[in-house]
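Here is the structure we will look at.
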Amino acid sequence: MSIFRLLENKNIFPDPSLAEPDGLLAVGGDLRVERLLAAYRQSIFPWYDAKSPILWWSPPERFIINPEDIHISHSMRKFMRKHDVRIEVGRDFVDTIGRCRAVHKSEGEWIIDEMVEAYTDLSIAGYATGVEAFFDGELAGGLYGVVIGRCFFGESMFTLIENGSKVALIMLAKLLYERDFVMIDCQFHTDHLESMGGISISREEYLDLLHEGTRGKQTGAEIINGIYEYMD
């Protein structure tokens, strides 16, 4: 099966079911806000490095967390009770994505300049945000992602203090559950995310959730931006 090449200046993608077995669907195009939003609404996301063209993916299986199913271990609950814990959503997107980039450089850099610029533009447009956890007033970790309707598409995480990114994800999930979000899209499986309640679903199941979460009024990150304290 050949890989589709995207047309310039047209936000048209092939049917995700035509992707390669590993999920690779298309190549080329750009990272304009309009194209990125069109991609996410169809189960497609960009992932590539500085040595390759823009690559667009839609894996046959997707790893997600249902917000109501986030797993909080006994030791984590004890830790969160012991400290003054809060998250800030939408505080400083450029800082958040920059910290994620610094953490993952050793793993092969994919948060390249072009991606930083594109997702910063998404945040300015109101469709991307950062989530940061603070322990006793000190920045501990965080993550960033895309928000369309009642779907949160997670992109990357960073940790400065042990449990930092875990707490950011836990409190984000609780917040999204309260806002009636249908999923946190984690894209690919990791043991870490599985331990926190992540599950694998088929592309068809994912598309059903996606359609449910993005139909109607297309709200963005403004629905969750703010400061939230941990309440057991």
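Following the order of the structure tokens, first chain is A, next is B, and so on, with residues numbered from 1 inside each chain and ligands from 1 in the order they appear.
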**OP:** Please identify which residues in range 25-148 of chain A DSSP calls strand (DSSP E) from the backbone, and express them as a VMD selection string.
**Re:** chain A and resid 25 to 27 45 to 46 55 to 57 61 to 65 85 to 89 128 to 135 138 to 148
Would you output that residue set with C-alpha atoms, as a CSV table (one decimal), in the first residue's frame?
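For reference, part30.csv as written:
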chain,number,residue,atom,x,y,z
A,25,LEU,CA,-1.3,7.3,6.8
A,26,ALA,CA,0.1,10.3,4.9
A,27,VAL,CA,3.1,12.5,4.4
A,45,PHE,CA,-1.9,13.2,14.4
A,46,PRO,CA,1.6,14.3,13.3
A,55,LEU,CA,4.3,12.2,8.9
A,56,TRP,CA,0.6,11.7,9.8
A,57,TRP,CA,-0.5,8.7,11.8
A,61,GLU,CA,-5.3,0.5,18.0
A,62,ARG,CA,-5.4,3.6,20.2
A,63,PHE,CA,-4.5,3.9,23.9
A,64,ILE,CA,-6.8,6.0,26.0
A,65,ILE,CA,-7.8,6.8,29.6
A,85,VAL,CA,-1.0,20.0,45.7
A,86,ARG,CA,-2.6,22.0,42.9
A,87,ILE,CA,-2.6,22.1,39.1
A,88,GLU,CA,-2.5,25.2,36.9
A,89,VAL,CA,-4.1,24.7,33.5
A,128,ALA,CA,-4.0,23.5,23.2
A,129,THR,CA,-3.0,23.9,26.8
A,130,GLY,CA,-0.5,23.0,29.4
A,131,VAL,CA,-1.2,21.3,32.7
A,132,GLU,CA,1.3,21.9,35.5
A,133,ALA,CA,1.4,20.3,39.0
A,134,PHE,CA,2.8,22.2,42.0
A,135,PHE,CA,3.8,20.6,45.3
A,138,GLU,CA,7.1,24.3,43.7
A,139,LEU,CA,6.7,23.2,40.1
A,140,ALA,CA,6.8,19.4,40.0
A,141,GLY,CA,5.8,18.3,36.5
A,142,GLY,CA,3.2,18.6,33.8
A,143,LEU,CA,2.0,17.8,30.4
A,144,TYR,CA,0.5,19.5,27.3
A,145,GLY,CA,-2.2,18.5,24.9
A,146,VAL,CA,-5.0,19.5,22.5
A,147,VAL,CA,-8.6,20.1,23.5
A,148,ILE,CA,-11.4,19.8,21.0
Could the residues of range 208-229 of chain A that have an atom at most 8 Å from range 180-192 of chain A be listed as JSON lines, each with its closest atom pair and the distance in Å to one decimal, counting only C-alpha atoms and ordered by chain and ascending residue number?
{"residue": "A:Leu209", "atom": "CA", "partner": "A:Val182", "partner_atom": "CA", "distance": 6.6}
{"residue": "A:Glu212", "atom": "CA", "partner": "A:Val182", "partner_atom": "CA", "distance": 7.7}
{"residue": "A:Gly213", "atom": "CA", "partner": "A:Val182", "partner_atom": "CA", "distance": 5.9}
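Every protein or nucleic acid residue with an atom no more than 9 Å from range 80-82 of chain A, counting only C-alpha atoms and leaving out same-chain residues fewer than 2 positions away, appears here: Ser75, Met76, Arg77, Lys78, Asp84, Val85, Phe135, Val167, Tyr230, Met231 and Asp232 of chain A.
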Could you write out that same residue set with C-alpha atoms as a short mmCIF file (atom, residue, chain, number, x, y, z; two decimals), in the first residue's frame?
data_model
loop_
_atom_site.label_atom_id
_atom_site.label_comp_id
_atom_site.auth_asym_id
_atom_site.auth_seq_id
_atom_site.Cartn_x
_atom_site.Cartn_y
_atom_site.Cartn_z
CA SER A 75 0.56 5.43 48.17
CA MET A 76 -0.28 8.22 45.71
CA ARG A 77 -3.38 9.23 47.69
CA LYS A 78 -1.24 9.32 50.83
CA ASP A 84 -0.27 21.11 49.29
CA VAL A 85 -1.04 19.99 45.72
CA PHE A 135 3.80 20.56 45.33
CA VAL A 167 -0.24 14.06 39.78
CA TYR A 230 -6.41 18.72 45.22
CA MET A 231 -9.51 17.61 47.12
CA ASP A 232 -9.67 13.95 48.17
#
Original post:
Which value, in Å to one decimal, gives the distance between CA of Met171 in chain A and CA of Pro60 in chain A?
Top reply: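 The value is 28.8 Å.
Of note, CA of Ile72 in chain A and CA of Glu162 in chain A are spaced 15.1 Å apart.
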Subject >> Length of the CA of Leu37 in chain A to CA of Leu210 in chain A vector [Å] >> reply: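 Those two atoms sit 12.6 Å apart.
Distances from A:His83, A:Arg203, A:Ile54, A:Ala102 to Leu18 in chain A were compared using only C-alpha atoms, and the smallest one belongs to A:Arg203.
Proximity to Leu175 in chain A at 10 Å, evaluated using only C-alpha atoms and with sequence-adjacent residues fewer than 3 positions away removed, yields Pro67, Glu68, Leu169, Ile170, Met171, Leu172, Glu178, Arg179, Asp180, Phe181, Ile224 and Tyr228 of chain A.
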